[in-house]
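First comes the structure, then the notes that go with it.
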Amino acid sequence: MSNSTIHASARPFPTQLAVVAEAIVPSPTEIEQLYQTALQADILWSRELRRIYGRRAGDARYDFRGRSTPQLRELKANKQAADSAWRAALYATRKPLKVSRALAA
């Protein structure tokens, strides 16, 4: 399992659940900032989809058209990175579950 991290904020957050126990728990303010960043990235991508595809933007979002231009690819990648950083921060707030040796074997 890799130890990759996402650096979308001042502090890196682990992307693998196995590393969550070692993570520094982000504050609610940091999680809110990551959420707002993800929301803004989604708005920018949606706005560009709407500009190009009009009323069909909602459909274009889920097929090849959502990444059909270099700008759409960049906006979608930004959205996905922001979403991943926000989710990783949320996972870092979870308490690790203790697994009995019988279940782990």
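Residues in the structure tokens are numbered from 1 in each chain, the chains being A, B, ... in the order shown, and ligands are numbered from 1 in the order shown.
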
Using only C-alpha atoms, which protein or nucleic acid residues come within 9 Å of Gln33 of chain A? Drop anything in the same chain fewer than 4 positions from it, and give the result as a PDB file with N, CA and C atoms, in the first residue's frame.
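File part_9.pdb, as written:
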ATOM      1  N   SER A   9      -3.930  21.625   0.507  1.00  0.00           N
ATOM      2  CA  SER A   9      -4.045  22.629   1.560  1.00  0.00           C
ATOM      3  C   SER A   9      -2.680  22.786   2.215  1.00  0.00           C
ATOM      4  N   PRO A  28     -12.094  21.574  11.866  1.00  0.00           N
ATOM      5  CA  PRO A  28     -13.316  21.809  11.091  1.00  0.00           C
ATOM      6  C   PRO A  28     -13.153  22.958  10.092  1.00  0.00           C
ATOM      7  N   THR A  29     -12.372  23.972  10.457  1.00  0.00           N
ATOM      8  CA  THR A  29     -12.139  25.101   9.544  1.00  0.00           C
ATOM      9  C   THR A  29     -11.382  24.643   8.305  1.00  0.00           C
ATOM     10  N   THR A  37     -13.218  24.757  -1.595  1.00  0.00           N
ATOM     11  CA  THR A  37     -12.348  24.632  -2.760  1.00  0.00           C
ATOM     12  C   THR A  37     -12.926  23.617  -3.745  1.00  0.00           C
ATOM     13  N   ALA A  38     -13.395  22.478  -3.227  1.00  0.00           N
ATOM     14  CA  ALA A  38     -13.997  21.458  -4.087  1.00  0.00           C
ATOM     15  C   ALA A  38     -15.272  21.979  -4.736  1.00  0.00           C
ATOM     16  N   TRP A  86     -10.566  16.850  -0.035  1.00  0.00           N
ATOM     17  CA  TRP A  86     -11.640  17.027   0.949  1.00  0.00           C
ATOM     18  C   TRP A  86     -12.011  15.688   1.586  1.00  0.00           C
TER      19      TRP A  86
END

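Residues within 12 Å of Arg65 of chain A, counting only C-alpha atoms and excluding same-chain residues fewer than 2 positions away, are Trp45, Glu48, Leu49, Arg50, Ile52, Tyr53, Arg56, Ala57, Gly58, Asp59, Ala60, Arg61, Tyr62, Asp63, Arg67, Ser68, Thr69, Pro70, Gln71, Leu72, Arg73 and Lys76 of chain A.
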
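Distances to Ala82 of chain A were evaluated for A:Gly66, A:Pro26, A:Leu39, A:Glu32 using only C-alpha atoms, and the minimum falls at A:Leu39.
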
TODO: Mind the document's chain letters and residue numbers, and return as a PyMOL selection string the residues of segment 16-86 of chain A that DSSP labels helix (DSSP H, G or I).
DONE: chain A and resi 17-22+28-60+64-67+70-86

Task: Separation of atom CA of Ala92 of chain A from atom CA of Val25 of chain A, in Å and rounded to one decimal - done: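 Taking atom CA of Ala92 of chain A as the start and atom CA of Val25 of chain A as the end point, the length is 5.5 Å.
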